[in-house]
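Student: Sharing upload_24.pdb below, PDB, C-alpha atoms:
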```
ATOM      1  CA  ASN A   1     160.634  18.697 170.781
ATOM      2  CA  ARG A   2     162.426  21.977 170.588
ATOM      3  CA  LEU A   3     160.699  25.311 171.098
ATOM      4  CA  GLU A   4     159.469  26.852 167.889
ATOM      5  CA  PRO A   5     161.485  29.890 166.707
ATOM      6  CA  SER A   6     158.553  32.190 167.536
ATOM      7  CA  ASP A   7     158.802  31.112 171.196
ATOM      8  CA  GLU A   8     162.513  31.876 171.621
ATOM      9  CA  GLY A   9     163.233  34.228 174.483
ATOM     10  CA  ARG A  10     159.852  33.643 176.126
ATOM     11  CA  ALA A  11     159.504  31.887 179.440
ATOM     12  CA  PRO A  12     157.713  28.525 179.433
ATOM     13  CA  PRO A  13     154.030  28.887 180.368
ATOM     14  CA  HIS A  14     154.066  26.444 183.309
ATOM     15  CA  ARG A  15     156.561  25.640 186.027
ATOM     16  CA  LEU A  16     156.554  22.728 188.430
ATOM     17  CA  GLN A  17     157.915  23.829 191.781
ATOM     18  CA  MET A  18     159.156  20.892 193.825
ATOM     19  CA  GLY A  19     160.199  20.365 197.388
ATOM     20  CA  LEU A  20     161.602  17.127 198.725
ATOM     21  CA  ALA A  21     161.096  15.357 202.007
ATOM     22  CA  LEU A  22     163.959  13.221 203.255
ATOM     23  CA  PRO A  23     163.417   9.939 205.075
ATOM     24  CA  ALA A  24     164.719   9.918 208.627
ATOM     25  CA  LYS A  25     166.982   7.188 209.942
ATOM     26  CA  VAL A  26     165.359   5.296 212.773
ATOM     27  CA  ALA A  27     167.135   3.083 215.323
ATOM     28  CA  GLY A  28     168.780   0.175 213.554
ATOM     29  CA  SER A  29     168.685   0.029 209.781
ATOM     30  CA  ALA A  30     164.939   0.605 209.414
ATOM     31  CA  ARG A  31     163.874   3.770 207.582
ATOM     32  CA  GLU A  32     160.568   5.587 207.642
ATOM     33  CA  HIS A  33     159.288   8.870 206.311
ATOM     34  CA  ALA A  34     159.225  11.390 209.135
ATOM     35  CA  GLY A  35     158.355  14.375 206.949
ATOM     36  CA  TRP A  36     161.778  15.981 207.388
ATOM     37  CA  LYS A  37     162.551  18.589 204.831
ATOM     38  CA  LEU A  38     165.805  18.032 203.038
ATOM     39  CA  GLY A  39     166.760  21.564 204.053
ATOM     40  CA  GLN A  40     166.951  20.415 207.678
ATOM     41  CA  ALA A  41     169.079  17.399 206.857
ATOM     42  CA  HIS A  42     171.475  19.118 204.489
ATOM     43  CA  LYS A  43     172.947  21.227 207.299
ATOM     44  CA  ARG A  44     174.505  18.068 208.721
ATOM     45  CA  ASN A  45     175.822  16.582 205.494
ATOM     46  CA  SER A  46     175.341  19.028 202.650
ATOM     47  CA  ALA A  47     177.952  17.470 200.356
ATOM     48  CA  GLY A  48     176.484  13.980 200.767
ATOM     49  CA  VAL A  49     172.911  15.133 200.257
ATOM     50  CA  ASN A  50     173.862  17.245 197.249
ATOM     51  CA  LEU A  51     175.738  14.324 195.700
ATOM     52  CA  PHE A  52     172.785  11.998 196.350
ATOM     53  CA  LEU A  53     170.347  14.426 194.710
ATOM     54  CA  HIS A  54     172.734  14.947 191.813
ATOM     55  CA  TYR A  55     172.300  11.277 190.932
ATOM     56  CA  ALA A  56     168.702  10.826 192.126
ATOM     57  CA  PHE A  57     167.344  13.992 190.498
ATOM     58  CA  ASP A  58     169.729  16.021 188.312
ATOM     59  CA  LEU A  59     171.084  13.208 186.133
ATOM     60  CA  TRP A  60     167.682  11.499 186.008
ATOM     61  CA  MET A  61     166.038  14.720 184.775
ATOM     62  CA  SER A  62     168.759  15.199 182.139
ATOM     63  CA  ARG A  63     168.293  11.622 180.947
ATOM     64  CA  GLU A  64     164.495  11.211 181.155
ATOM     65  CA  TYR A  65     163.339  14.792 180.441
ATOM     66  CA  PRO A  66     166.098  16.422 178.365
ATOM     67  CA  ASP A  67     163.698  19.041 176.940
ATOM     68  CA  VAL A  68     162.614  20.290 180.391
ATOM     69  CA  PRO A  69     165.104  22.815 181.785
ATOM     70  CA  PHE A  70     165.323  22.858 185.583
ATOM     71  CA  GLU A  71     167.084  24.486 188.519
ATOM     72  CA  ARG A  72     167.783  22.858 191.869
ATOM     73  CA  TYR A  73     169.228  24.301 195.051
ATOM     74  CA  ALA A  74     169.345  21.911 198.033
ATOM     75  CA  ASP A  75     165.754  20.638 198.388
ATOM     76  CA  ASP A  76     164.126  23.209 196.102
ATOM     77  CA  ALA A  77     163.784  22.645 192.380
ATOM     78  CA  ILE A  78     161.859  24.142 189.484
ATOM     79  CA  GLY A  79     161.085  22.435 186.179
ATOM     80  CA  HIS A  80     160.089  24.649 183.227
ATOM     81  CA  CYS A  81     157.337  22.866 181.300
ATOM     82  CA  ARG A  82     155.650  24.025 178.095
ATOM     83  CA  SER A  83     152.161  22.896 179.088
ATOM     84  CA  GLU A  84     150.104  21.930 182.089
ATOM     85  CA  ALA A  85     149.896  18.348 180.777
ATOM     86  CA  GLU A  86     153.703  18.145 180.580
ATOM     87  CA  ALA A  87     153.952  19.509 184.152
ATOM     88  CA  ARG A  88     151.468  16.917 185.454
ATOM     89  CA  ASP A  89     153.344  14.127 183.641
ATOM     90  CA  LEU A  90     156.635  15.316 185.153
ATOM     91  CA  CYS A  91     155.080  15.454 188.628
ATOM     92  CA  ARG A  92     153.853  11.832 188.344
ATOM     93  CA  ALA A  93     157.237  10.681 187.054
ATOM     94  CA  LEU A  94     159.053  12.486 189.885
ATOM     95  CA  GLU A  95     156.819  10.891 192.499
ATOM     96  CA  ALA A  96     157.709   7.464 191.097
ATOM     97  CA  ARG A  97     161.426   8.322 190.837
ATOM     98  CA  PHE A  98     161.660   9.605 194.393
ATOM     99  CA  ALA A  99     159.753   6.580 195.711
ATOM    100  CA  GLU A 100     162.465   4.394 194.104
ATOM    101  CA  CYS A 101     165.098   6.431 195.988
ATOM    102  CA  GLY A 102     163.298   6.422 199.337
ATOM    103  CA  LEU A 103     162.219  10.065 199.006
ATOM    104  CA  ARG A 104     158.895  11.770 198.482
ATOM    105  CA  LEU A 105     157.757  15.131 197.165
ATOM    106  CA  HIS A 106     156.811  17.617 199.867
ATOM    107  CA  PRO A 107     153.016  17.971 199.486
ATOM    108  CA  GLU A 108     152.853  21.646 200.507
ATOM    109  CA  LYS A 109     155.818  22.792 198.423
ATOM    110  CA  THR A 110     155.085  20.867 195.225
ATOM    111  CA  LYS A 111     152.733  22.674 192.868
ATOM    112  CA  ILE A 112     152.135  23.501 189.231
ATOM    113  CA  VAL A 113     152.250  27.238 188.641
ATOM    114  CA  SER A 114     150.982  29.065 185.573
ATOM    115  CA  CYS A 115     153.467  31.748 184.518
ATOM    116  CA  LYS A 116     150.771  34.123 183.368
ATOM    117  CA  ASP A 117     151.828  37.224 181.493
ATOM    118  CA  ALA A 118     150.414  39.525 178.795
ATOM    119  CA  ASN A 119     150.682  36.769 176.144
ATOM    120  CA  ARG A 120     149.016  34.006 178.147
ATOM    121  CA  SER A 121     145.384  34.083 179.141
ATOM    122  CA  GLY A 122     143.431  31.713 181.319
ATOM    123  CA  ALA A 123     142.651  31.373 184.990
ATOM    124  CA  TYR A 124     144.787  29.036 187.067
ATOM    125  CA  PRO A 125     144.650  28.542 190.849
ATOM    126  CA  GLU A 126     148.441  28.910 191.269
ATOM    127  CA  GLN A 127     150.069  31.925 189.619
ATOM    128  CA  ALA A 128     153.007  32.643 191.952
ATOM    129  CA  PHE A 129     155.826  30.834 193.735
ATOM    130  CA  ASP A 130     158.838  31.580 195.944
ATOM    131  CA  PHE A 131     162.306  30.299 195.082
ATOM    132  CA  LEU A 132     165.614  31.217 196.766
ATOM    133  CA  GLY A 133     164.220  34.320 198.472
ATOM    134  CA  TYR A 134     162.431  35.661 195.405
ATOM    135  CA  SER A 135     158.730  35.717 194.714
ATOM    136  CA  PHE A 136     157.862  35.058 191.059
ATOM    137  CA  ARG A 137     154.428  36.293 189.990
ATOM    138  CA  PRO A 138     152.664  38.417 187.362
ATOM    139  CA  ARG A 139     153.720  42.071 187.724
ATOM    140  CA  MET A 140     153.233  45.267 185.771
ATOM    141  CA  ALA A 141     156.286  46.314 183.747
ATOM    142  CA  ASN A 142     157.195  48.856 181.056
ATOM    143  CA  ASN A 143     158.463  47.844 177.639
ATOM    144  CA  ARG A 144     161.136  49.796 175.761
ATOM    145  CA  HIS A 145     158.463  52.149 174.392
ATOM    146  CA  GLY A 146     157.173  53.001 177.871
ATOM    147  CA  GLU A 147     153.966  50.984 177.436
ATOM    148  CA  ARG A 148     152.728  48.991 180.447
ATOM    149  CA  PHE A 149     152.188  45.245 180.238
ATOM    150  CA  VAL A 150     151.998  42.210 182.534
ATOM    151  CA  SER A 151     155.257  40.317 182.973
ATOM    152  CA  PHE A 152     156.005  37.197 185.018
ATOM    153  CA  SER A 153     159.016  38.410 186.966
ATOM    154  CA  PRO A 154     160.818  38.090 190.330
ATOM    155  CA  ALA A 155     161.101  40.411 193.314
ATOM    156  CA  VAL A 156     162.252  39.902 196.887
ATOM    157  CA  SER A 157     159.787  37.616 198.680
ATOM    158  CA  LYS A 158     157.901  38.781 201.770
ATOM    159  CA  LYS A 159     159.765  36.287 203.943
ATOM    160  CA  ALA A 160     163.203  37.364 202.643
ATOM    161  CA  GLY A 161     162.264  41.062 202.922
ATOM    162  CA  LYS A 162     161.202  40.554 206.531
ATOM    163  CA  ARG A 163     164.492  38.789 207.282
ATOM    164  CA  MET A 164     166.460  41.660 205.676
ATOM    165  CA  ARG A 165     164.557  44.325 207.640
ATOM    166  CA  HIS A 166     165.109  42.373 210.857
ATOM    167  CA  THR A 167     168.854  42.147 210.138
ATOM    168  CA  VAL A 168     169.136  45.887 209.471
ATOM    169  CA  ARG A 169     167.155  46.635 212.642
ATOM    170  CA  ARG A 170     169.612  44.532 214.666
ATOM    171  CA  TRP A 171     172.422  46.801 213.459
ATOM    172  CA  ARG A 172     170.819  49.509 215.659
ATOM    173  CA  LEU A 173     171.833  52.283 213.272
ATOM    174  CA  HIS A 174     169.782  54.825 215.212
ATOM    175  CA  ARG A 175     172.185  54.399 218.163
ATOM    176  CA  ARG A 176     175.400  54.931 216.195
ATOM    177  CA  SER A 177     176.955  58.365 216.424
ATOM    178  CA  ASP A 178     179.797  57.659 213.989
ATOM    179  CA  LEU A 179     177.546  57.582 210.930
ATOM    180  CA  GLY A 180     176.938  61.340 210.868
ATOM    181  CA  TRP A 181     173.424  61.177 209.449
ATOM    182  CA  TRP A 182     172.468  63.896 211.923
ATOM    183  CA  LYS A 183     175.043  66.368 210.590
ATOM    184  CA  SER A 184     174.212  69.025 208.031
ATOM    185  CA  PRO A 185     175.990  68.999 204.629
ATOM    186  CA  ASN A 186     178.518  71.636 205.775
ATOM    187  CA  GLY A 187     179.601  69.435 208.739
ATOM    188  CA  SER A 188     177.951  71.391 211.560
ATOM    189  CA  VAL A 189     175.723  69.626 214.069
ATOM    190  CA  GLN A 190     171.995  70.189 213.554
ATOM    191  CA  SER A 191     169.904  70.959 216.581
TER
END
```
How would this structure read if it were set down as structure tokens?

Tutor:
Amino acid sequence: NRLEPSDEGRAPPHRLQMGLALPAKVAGSAREHAGWKLGQAHKRNSAGVNLFLHYAFDLWMSREYPDVPFERYADDAIGHCRSEAEARDLCRALEARFAECGLRLHPEKTKIVSCKDANRSGAYPEQAFDFLGYSFRPRMANNRHGERFVSFSPAVSKKAGKRMRHTVRRWRLHRRSDLGWWKSPNGSVQS
């Protein structure tokens, strides 16, 4: 099931964004789901968690869904599906796979997103998602002829932008006299 030649270079119309929840270890050898995000657990043992997910998710996806490209970083993953039906099938299969491994999909982070652009019509409830500090959603863009069209593209997410602004504010640039922003181009001090 390869993409038809007319579809080459185009993004798949649907993406399944996934988040994982890691089971917590309880006293003794008993395990129960405590709703921990994998992102919280990976700080303690990132190599072990990454290796576990490599076998539990990455290799399984390559074996069971070889035609669905995906990206994974820690507990966040995206699967690029060609249709909504394929995305729903993948979601059901992932729920079963993670149950086998003692994991579950994070209910608030797992969603099917329509990658709507100028070539895809239809109304879907989810048309945007955040991944690795970027917000992917329909945006206006210009083609090489200067004509405007709708493109599904990334930009810095609101959360990441807020974090960047906060970091720059902590630098307290307005209090630094060595930067010389207050000097005129000829080097004299402006009053």

Student: Rounded to one decimal, what separation in Å do you get between CA of His54 (chain A) and CA of Gly102 (chain A)?

Tutor: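 Interatomic distance here is 14.8 Å.
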
Student: One decimal, in Å: what's the spacing between CA of Glu84 (chain A) and CA of Cys115 (chain A)?

Tutor: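 Interatomic distance here is 10.7 Å.
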
Student: How many Å lie between CA of Asn142 (chain A) and CA of Asp130 (chain A), rounded to one decimal?

Tutor: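 Spanning CA of Asn142 (chain A) to CA of Asp130 (chain A) is a straight-line distance of 22.9 Å.
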
Student: Which of these, A:Leu132, A:Val68, A:Ser153, A:Phe57, has the shortest distance to Glu95 (chain A) once you count only C-alpha atoms?

Tutor: A:Phe57

Student: For this structure, which residues satisfy the selection - the PyMOL selection byres ((chain A and resi 92) around 12) - when it is evaluated on the file as given? I want them as an MDAnalysis selection string.

Tutor: chainID A and resid 16 18 85:91 93:99 104:105 110:112

Student: Any idea what's packed within 9 Å of Asn119 (chain A), counting only C-alpha atoms, ignoring anything in its chain fewer than 3 positions away? Could you give it as a list in words?

Tutor: Lys116, Val150 and Ser151 of chain A

Student: Got a sec to check which residues sit within 12 Å of (144.7, 28.4, 194.3), counting all atoms listed in the file, and write them as an NGL selection string?

Tutor: :A and (111-114 or 123-129)

Student: Just the selected residues (C-alpha atoms), exported as a CSV table (one decimal), keeping the file's coordinate frame, please.

Tutor:
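In the end it all went to again.csv:
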```csv
chain,number,residue,atom,x,y,z
A,111,LYS,CA,152.7,22.7,192.9
A,112,ILE,CA,152.1,23.5,189.2
A,113,VAL,CA,152.2,27.2,188.6
A,114,SER,CA,151.0,29.1,185.6
A,123,ALA,CA,142.7,31.4,185.0
A,124,TYR,CA,144.8,29.0,187.1
A,125,PRO,CA,144.6,28.5,190.8
A,126,GLU,CA,148.4,28.9,191.3
A,127,GLN,CA,150.1,31.9,189.6
A,128,ALA,CA,153.0,32.6,192.0
A,129,PHE,CA,155.8,30.8,193.7
```

Student: Out of A:Arg63, A:Ser83, A:Leu103, A:Tyr134, which residue has the shortest atom-to-atom distance to Ser157 (chain A) when counting only C-alpha atoms?

Tutor: A:Tyr134

Student: Convert the output of the PyMOL selection byres ((chain A and resi 74) around 7) on the shown file into explicit residues, formatted as a list in words.

Tutor: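 Answer for the PyMOL selection byres ((chain A and resi 74) around 7): Gly39, Asn50, Arg72, Tyr73, Asp75 and Asp76 of chain A.
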
Student: Centre and edge lengths, as lines of an AutoDock Vina configuration file, for the axis-aligned box enclosing every listed atom of region 74-81 of chain A with 3 Å of padding on each of the six sides, in Å to one decimal?

Tutor:
```
center_x = 163.3
center_y = 22.6
center_z = 189.8
size_x = 18.0
size_y = 10.0
size_z = 23.1
```
